[in-house]
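Undergrad: Handing you this structure, nothing more for now.
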Amino acid sequence: MRRKIPSTAALIAFESAARHQSFTKAAQELSLTQGAVCRQIAALEAFLNVELFRRSRRGVLLTEAGQSYARRVAGQLDAVERDTLAVMGQQGAMSIELAVVPTFGTQWLLPRLKDFQRLHPEITVNLTNRTRPFLFADTAFDAAVYFGDGDWSGTRAHLLMGENPMPVCSPALLNGQAQLSAEQIAQLPLLQQTTRPYAWRQWFSAQGLNTPRDMAGPRYELFSMLAQAAIHEMGVALIPPFLIRRELAEGRLVVALDQALTDDDRAYYLIVPERKSESAALNAFRDWLVTEAAQYRQQPA
């Protein structure tokens, strides 16, 4: 089936003219005559059967339809250019597009990636934030690091580590005490994590408490947001200590009570689609990451 797509030359001419709001400047940028730019845009308008510019004695202005189309075309041309440059620059190199939960990626994975690059300089690992599961078939991702039960259809899950969050807060909330009791924590504002809505309920249950307001409080999607809210004395947050090592070391956050929430059903996993299981680059990254995680789990708390 023939695709309903206008010529690339017409789209490039339109994007340039829309960005400059000028056919003359577009012609200069593209090393074309002004007449050539006019013909390309006229052909595009005829193809779309939509007026993209309004002509006047003072020049040209985008119509409302033209403004909307220009934003979309610019984004698509940028993506094509990025992909083209990536292919041109590979020259035998390999790359991995990895979806990763944000705070884990920045606080644990990124500081270690230099070791993988040293071992495999021919492989580039690109990271993109994703906080929730998705369909690999609908994305360009080769693998994902996510927190869950490891049950992801059509994939193979490789265990990395548990989370084991602990209640942390600003030292100002301790009021001079070394730690707080679970009952005292229950009286403080509880900072909630969007993707772990029952975390506080599970933690209080493990302490033998039934707290009516265990699901109340402001919700944040990322652990980094929780950490900032806790630093600014907005309440107590359940955060895995390995994600806030710097904040704990600098004393901006303290452990409110040395009792971790253990969850045997959920952990961080590397998820690899079965159709990618033969990828040499992915297998090298998987072996390195699983080994790094195993060594980390064996370290003292």
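Residue numbers start at 1 in each chain; chains themselves are named A, B, ... in the order of the structure tokens; ligands are numbered from 1 in the order shown.
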Identify, on the basis of only C-alpha atoms, every residue whose closest approach to Pro165 of chain A does not exceed 7 Å; exclude the query and any residue fewer than 5 positions from it along the same chain; express the result as a list in words.
TA: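 In the requested form, the answer reads Leu238, Ile239, Pro240, Pro241, Ala260 and Leu261 of chain A.
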Undergrad: I'd like the neighbourhood of Ser22 of chain A as a list in words, where a residue qualifies if any of its atoms comes within 12 Å (using only C-alpha atoms), though same-chain residues fewer than 2 positions away should be ignored.
TA: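 The residues satisfying every condition are Ala13, Phe14, Glu15, Ser16, Ala17, Ala18, Arg19, His20, Thr24, Lys25, Ala26, Ala27, Gln28, Glu29, Gln34, Val37, Cys38, Ile41, Phe53, Arg54, Arg55, Ser56, Arg58, Gly59, Val60, Leu61 and Leu62 of chain A.
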Undergrad: Include C-alpha atoms and write out the residues we just selected as a PDB file, in the first residue's frame.
TA:
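As a result, selection.pdb now contains:
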ATOM      1  CA  ALA A  13      11.293  23.506   2.857  1.00  0.00           C
ATOM      2  CA  PHE A  14       8.107  23.921   4.911  1.00  0.00           C
ATOM      3  CA  GLU A  15       9.865  23.351   8.240  1.00  0.00           C
ATOM      4  CA  SER A  16      12.526  25.929   7.418  1.00  0.00           C
ATOM      5  CA  ALA A  17      10.010  28.508   6.176  1.00  0.00           C
ATOM      6  CA  ALA A  18       7.806  27.937   9.234  1.00  0.00           C
ATOM      7  CA  ARG A  19      10.751  28.328  11.609  1.00  0.00           C
ATOM      8  CA  HIS A  20      11.917  31.555   9.963  1.00  0.00           C
ATOM      9  CA  THR A  24      13.545  34.167   1.654  1.00  0.00           C
ATOM     10  CA  LYS A  25      15.409  33.032   4.796  1.00  0.00           C
ATOM     11  CA  ALA A  26      14.400  29.429   4.135  1.00  0.00           C
ATOM     12  CA  ALA A  27      15.823  29.688   0.629  1.00  0.00           C
ATOM     13  CA  GLN A  28      19.093  31.063   2.012  1.00  0.00           C
ATOM     14  CA  GLU A  29      19.316  28.298   4.616  1.00  0.00           C
ATOM     15  CA  GLN A  34      12.956  31.689  -3.250  1.00  0.00           C
ATOM     16  CA  VAL A  37      10.858  27.155  -1.856  1.00  0.00           C
ATOM     17  CA  CYS A  38       7.521  28.659  -2.949  1.00  0.00           C
ATOM     18  CA  ILE A  41       5.338  24.671  -0.216  1.00  0.00           C
ATOM     19  CA  PHE A  53       0.682  30.075   5.101  1.00  0.00           C
ATOM     20  CA  ARG A  54      -1.156  33.324   4.599  1.00  0.00           C
ATOM     21  CA  ARG A  55       0.570  35.560   2.071  1.00  0.00           C
ATOM     22  CA  SER A  56       0.596  39.329   2.471  1.00  0.00           C
ATOM     23  CA  ARG A  58       4.674  42.053   4.545  1.00  0.00           C
ATOM     24  CA  GLY A  59       5.550  38.400   4.032  1.00  0.00           C
ATOM     25  CA  VAL A  60       4.023  35.122   5.188  1.00  0.00           C
ATOM     26  CA  LEU A  61       2.373  33.955   8.397  1.00  0.00           C
ATOM     27  CA  LEU A  62       1.498  30.428   9.432  1.00  0.00           C
TER      28      LEU A  62
END
Undergrad: Please report the interatomic distance between atom CA of Ala256 of chain A and atom CA of Asp149 of chain A in Å with one decimal.
TA: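 Atom CA of Ala256 of chain A sits 27.8 Å away from atom CA of Asp149 of chain A.
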Undergrad: Pull the helix (DSSP H, G or I) assignments for segment 68-252 of chain A out of DSSP run on the backbone, and list those residues as a PyMOL selection string.
TA: chain A and resi 68-90+102-119+136-138+171-174+182-186+199-206+223-231+241-243+245-249
Undergrad: Excluding Gln117 of chain A and any residue of its chain fewer than 6 positions from it, enumerate the residues within 12 Å of it, using only C-alpha atoms, and give them as a PyMOL selection string.
TA: chain A and resi 94-95+110-111+123-126+281+284-285+288
Undergrad: Selected residues, N, CA and C atoms, written as a PDB file, in the first residue's frame, please.
TA:
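Written out: result12.pdb:
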ATOM      1  N   MET A  94      27.935  -0.972  18.402  1.00  0.00           N
ATOM      2  CA  MET A  94      26.623  -1.466  18.796  1.00  0.00           C
ATOM      3  C   MET A  94      26.050  -0.555  19.871  1.00  0.00           C
ATOM      4  N   SER A  95      24.735  -0.473  19.925  1.00  0.00           N
ATOM      5  CA  SER A  95      24.091   0.359  20.936  1.00  0.00           C
ATOM      6  C   SER A  95      22.924  -0.397  21.563  1.00  0.00           C
ATOM      7  N   LEU A 110      24.110   4.614  36.684  1.00  0.00           N
ATOM      8  CA  LEU A 110      25.020   5.528  35.980  1.00  0.00           C
ATOM      9  C   LEU A 110      26.429   5.575  36.584  1.00  0.00           C
ATOM     10  N   PRO A 111      26.574   5.618  37.914  1.00  0.00           N
ATOM     11  CA  PRO A 111      27.940   5.649  38.454  1.00  0.00           C
ATOM     12  C   PRO A 111      28.760   4.411  38.122  1.00  0.00           C
ATOM     13  N   ILE A 123      30.237  -0.827  22.680  1.00  0.00           N
ATOM     14  CA  ILE A 123      28.797  -0.831  22.958  1.00  0.00           C
ATOM     15  C   ILE A 123      28.414   0.468  23.660  1.00  0.00           C
ATOM     16  N   THR A 124      27.430   1.150  23.106  1.00  0.00           N
ATOM     17  CA  THR A 124      26.902   2.366  23.713  1.00  0.00           C
ATOM     18  C   THR A 124      25.564   2.049  24.367  1.00  0.00           C
ATOM     19  N   VAL A 125      25.403   2.464  25.620  1.00  0.00           N
ATOM     20  CA  VAL A 125      24.148   2.250  26.344  1.00  0.00           C
ATOM     21  C   VAL A 125      23.440   3.594  26.480  1.00  0.00           C
ATOM     22  N   ASN A 126      22.262   3.704  25.880  1.00  0.00           N
ATOM     23  CA  ASN A 126      21.446   4.908  25.961  1.00  0.00           C
ATOM     24  C   ASN A 126      20.321   4.690  26.963  1.00  0.00           C
ATOM     25  N   ALA A 281      25.342  -7.721  22.136  1.00  0.00           N
ATOM     26  CA  ALA A 281      25.500  -6.538  22.977  1.00  0.00           C
ATOM     27  C   ALA A 281      24.656  -6.651  24.238  1.00  0.00           C
ATOM     28  N   ALA A 284      26.108  -9.198  26.684  1.00  0.00           N
ATOM     29  CA  ALA A 284      27.270  -8.666  27.397  1.00  0.00           C
ATOM     30  C   ALA A 284      26.823  -7.726  28.505  1.00  0.00           C
ATOM     31  N   PHE A 285      25.860  -6.873  28.204  1.00  0.00           N
ATOM     32  CA  PHE A 285      25.359  -5.944  29.218  1.00  0.00           C
ATOM     33  C   PHE A 285      24.650  -6.699  30.333  1.00  0.00           C
ATOM     34  N   TRP A 288      27.195  -8.375  32.651  1.00  0.00           N
ATOM     35  CA  TRP A 288      27.876  -7.373  33.488  1.00  0.00           C
ATOM     36  C   TRP A 288      26.946  -6.856  34.576  1.00  0.00           C
TER      37      TRP A 288
END
Undergrad: Taking 3 positions as the minimum chain separation for residues in the same chain, which residues sit within 12 Å of Ile96 of chain A when counting only C-alpha atoms? Answer as a ChimeraX atom specification.
TA: /A:93,99,122-128,140-144,272,276,279-286
Undergrad: Using only C-alpha atoms, which residues sit within 12 Å of Arg130 of chain A once same-chain residues fewer than 5 positions away are excluded, as a VMD selection string?
TA: chain A and resid 97 to 105 135 139 141 143 to 147 195 221 to 222
Undergrad: Using only all heavy atoms, please write the residues we just selected to a file, as a compact mmCIF listing (two decimals), in the first residue's frame.
TA:
# COMPACT_ATOMS: atom_id res chain seq x y z
N GLU A 97 19.31 0.46 23.66
CA GLU A 97 18.33 1.44 24.14
C GLU A 97 17.67 0.84 25.38
O GLU A 97 16.93 -0.14 25.31
CB GLU A 97 17.28 1.72 23.07
CG GLU A 97 17.83 2.38 21.81
CD GLU A 97 18.38 3.77 22.07
OE1 GLU A 97 17.90 4.44 23.01
OE2 GLU A 97 19.29 4.19 21.33
N LEU A 98 17.99 1.42 26.54
CA LEU A 98 17.55 0.86 27.81
C LEU A 98 16.55 1.79 28.49
O LEU A 98 16.84 2.96 28.75
CB LEU A 98 18.75 0.65 28.73
CG LEU A 98 18.48 -0.01 30.08
CD1 LEU A 98 18.05 -1.46 29.91
CD2 LEU A 98 19.71 0.09 30.98
N ALA A 99 15.36 1.28 28.79
CA ALA A 99 14.40 2.00 29.62
C ALA A 99 14.73 1.70 31.07
O ALA A 99 14.98 0.55 31.44
CB ALA A 99 12.97 1.55 29.30
N VAL A 100 14.73 2.74 31.91
CA VAL A 100 15.16 2.53 33.28
C VAL A 100 14.34 3.42 34.21
O VAL A 100 13.99 4.54 33.87
CB VAL A 100 16.68 2.84 33.43
CG1 VAL A 100 16.99 4.26 33.06
CG2 VAL A 100 17.18 2.52 34.84
N VAL A 101 14.01 2.88 35.39
CA VAL A 101 13.33 3.70 36.39
C VAL A 101 14.30 4.80 36.83
O VAL A 101 15.48 4.53 37.07
CB VAL A 101 12.85 2.85 37.58
CG1 VAL A 101 11.60 2.08 37.21
CG2 VAL A 101 13.92 1.87 38.04
N PRO A 102 13.84 6.05 36.92
CA PRO A 102 14.75 7.20 36.97
C PRO A 102 15.77 7.21 38.10
O PRO A 102 16.97 7.33 37.84
CB PRO A 102 13.79 8.39 37.07
CG PRO A 102 12.51 7.90 36.49
CD PRO A 102 12.43 6.45 36.85
N THR A 103 15.31 7.12 39.36
CA THR A 103 16.25 7.30 40.46
C THR A 103 17.26 6.16 40.52
O THR A 103 18.44 6.37 40.80
CB THR A 103 15.50 7.43 41.79
OG1 THR A 103 14.46 8.40 41.65
CG2 THR A 103 16.43 7.88 42.89
N PHE A 104 16.82 4.94 40.22
CA PHE A 104 17.74 3.81 40.16
C PHE A 104 18.79 4.07 39.09
O PHE A 104 19.98 3.80 39.29
CB PHE A 104 16.97 2.52 39.87
CG PHE A 104 17.85 1.30 39.77
CD1 PHE A 104 18.11 0.54 40.90
CD2 PHE A 104 18.40 0.90 38.57
CE1 PHE A 104 18.92 -0.60 40.83
CE2 PHE A 104 19.21 -0.22 38.48
CZ PHE A 104 19.47 -0.97 39.63
N GLY A 105 18.35 4.59 37.94
CA GLY A 105 19.28 4.85 36.85
C GLY A 105 20.33 5.87 37.22
O GLY A 105 21.53 5.68 36.96
N LEU A 135 4.78 -1.96 26.29
CA LEU A 135 4.92 -3.01 25.29
C LEU A 135 6.19 -2.74 24.48
O LEU A 135 6.32 -1.70 23.85
CB LEU A 135 3.70 -3.04 24.36
CG LEU A 135 2.37 -3.43 25.01
CD1 LEU A 135 1.23 -3.33 23.99
CD2 LEU A 135 2.44 -4.84 25.58
N THR A 139 7.78 0.27 21.15
CA THR A 139 8.88 1.19 21.42
C THR A 139 10.14 0.72 20.72
O THR A 139 10.18 -0.36 20.12
CB THR A 139 9.17 1.28 22.93
OG1 THR A 139 9.78 0.05 23.37
CG2 THR A 139 7.88 1.52 23.73
N PHE A 141 12.88 0.29 22.53
CA PHE A 141 13.73 -0.19 23.62
C PHE A 141 14.18 -1.63 23.39
O PHE A 141 13.41 -2.47 22.94
CB PHE A 141 12.99 -0.09 24.96
CG PHE A 141 12.72 1.32 25.40
CD1 PHE A 141 11.44 1.74 25.68
CD2 PHE A 141 13.76 2.22 25.52
CE1 PHE A 141 11.19 3.03 26.09
CE2 PHE A 141 13.53 3.52 25.93
CZ PHE A 141 12.23 3.94 26.21
N ALA A 143 15.74 -3.27 26.07
CA ALA A 143 15.61 -3.89 27.39
C ALA A 143 15.13 -2.83 28.36
O ALA A 143 15.02 -1.65 28.01
CB ALA A 143 16.95 -4.48 27.84
N ALA A 144 14.84 -3.26 29.59
CA ALA A 144 14.36 -2.32 30.60
C ALA A 144 14.83 -2.76 31.98
O ALA A 144 14.96 -3.96 32.24
CB ALA A 144 12.83 -2.22 30.57
N VAL A 145 15.08 -1.79 32.83
CA VAL A 145 15.27 -2.04 34.26
C VAL A 145 14.05 -1.47 34.96
O VAL A 145 13.76 -0.28 34.84
CB VAL A 145 16.55 -1.38 34.80
CG1 VAL A 145 16.61 -1.52 36.31
CG2 VAL A 145 17.78 -2.01 34.17
N TYR A 146 13.32 -2.32 35.66
CA TYR A 146 12.11 -1.84 36.32
C TYR A 146 11.94 -2.56 37.65
O TYR A 146 12.59 -3.56 37.93
CB TYR A 146 10.89 -2.02 35.41
CG TYR A 146 10.03 -3.23 35.69
CD1 TYR A 146 8.70 -3.09 36.07
CD2 TYR A 146 10.53 -4.53 35.56
CE1 TYR A 146 7.91 -4.19 36.33
CE2 TYR A 146 9.73 -5.63 35.81
CZ TYR A 146 8.43 -5.45 36.20
OH TYR A 146 7.64 -6.54 36.46
N PHE A 147 11.04 -2.00 38.48
CA PHE A 147 10.75 -2.58 39.78
C PHE A 147 9.39 -3.25 39.72
O PHE A 147 8.39 -2.61 39.37
CB PHE A 147 10.75 -1.50 40.86
CG PHE A 147 10.45 -2.01 42.24
CD1 PHE A 147 11.43 -2.65 42.97
CD2 PHE A 147 9.19 -1.87 42.79
CE1 PHE A 147 11.16 -3.13 44.25
CE2 PHE A 147 8.91 -2.35 44.04
CZ PHE A 147 9.90 -2.99 44.78
N THR A 195 3.95 5.01 42.64
CA THR A 195 3.95 3.65 42.10
C THR A 195 4.02 2.58 43.19
O THR A 195 4.04 1.39 42.89
CB THR A 195 5.13 3.45 41.13
OG1 THR A 195 6.36 3.75 41.81
CG2 THR A 195 4.99 4.37 39.93
N GLU A 221 5.98 10.84 42.19
CA GLU A 221 6.23 9.70 41.31
C GLU A 221 7.64 9.14 41.46
O GLU A 221 7.86 7.95 41.31
CB GLU A 221 5.98 10.07 39.85
CG GLU A 221 6.08 8.88 38.90
CD GLU A 221 5.60 9.20 37.52
OE1 GLU A 221 5.53 10.38 37.17
OE2 GLU A 221 5.30 8.26 36.77
N LEU A 222 8.61 10.00 41.76
CA LEU A 222 10.01 9.58 41.79
C LEU A 222 10.57 9.62 43.20
O LEU A 222 10.22 10.49 44.01
CB LEU A 222 10.85 10.49 40.89
CG LEU A 222 10.38 10.66 39.44
CD1 LEU A 222 11.33 11.59 38.69
CD2 LEU A 222 10.28 9.32 38.74
Undergrad: Between A:Ala157, A:Ala65, A:Ala172, A:Leu190, which residue has the minimum interatomic distance to Gly251 of chain A, considering only C-alpha atoms?
TA: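 Going through A:Ala157, A:Ala65, A:Ala172, A:Leu190 one by one, the smallest distance to Gly251 of chain A is for A:Ala172.
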Undergrad: Rounded to one decimal place, report the atom CA of Arg156 of chain A-atom CA of Asp115 of chain A distance in Å.
TA: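 These atoms are spaced 24.3 Å apart.
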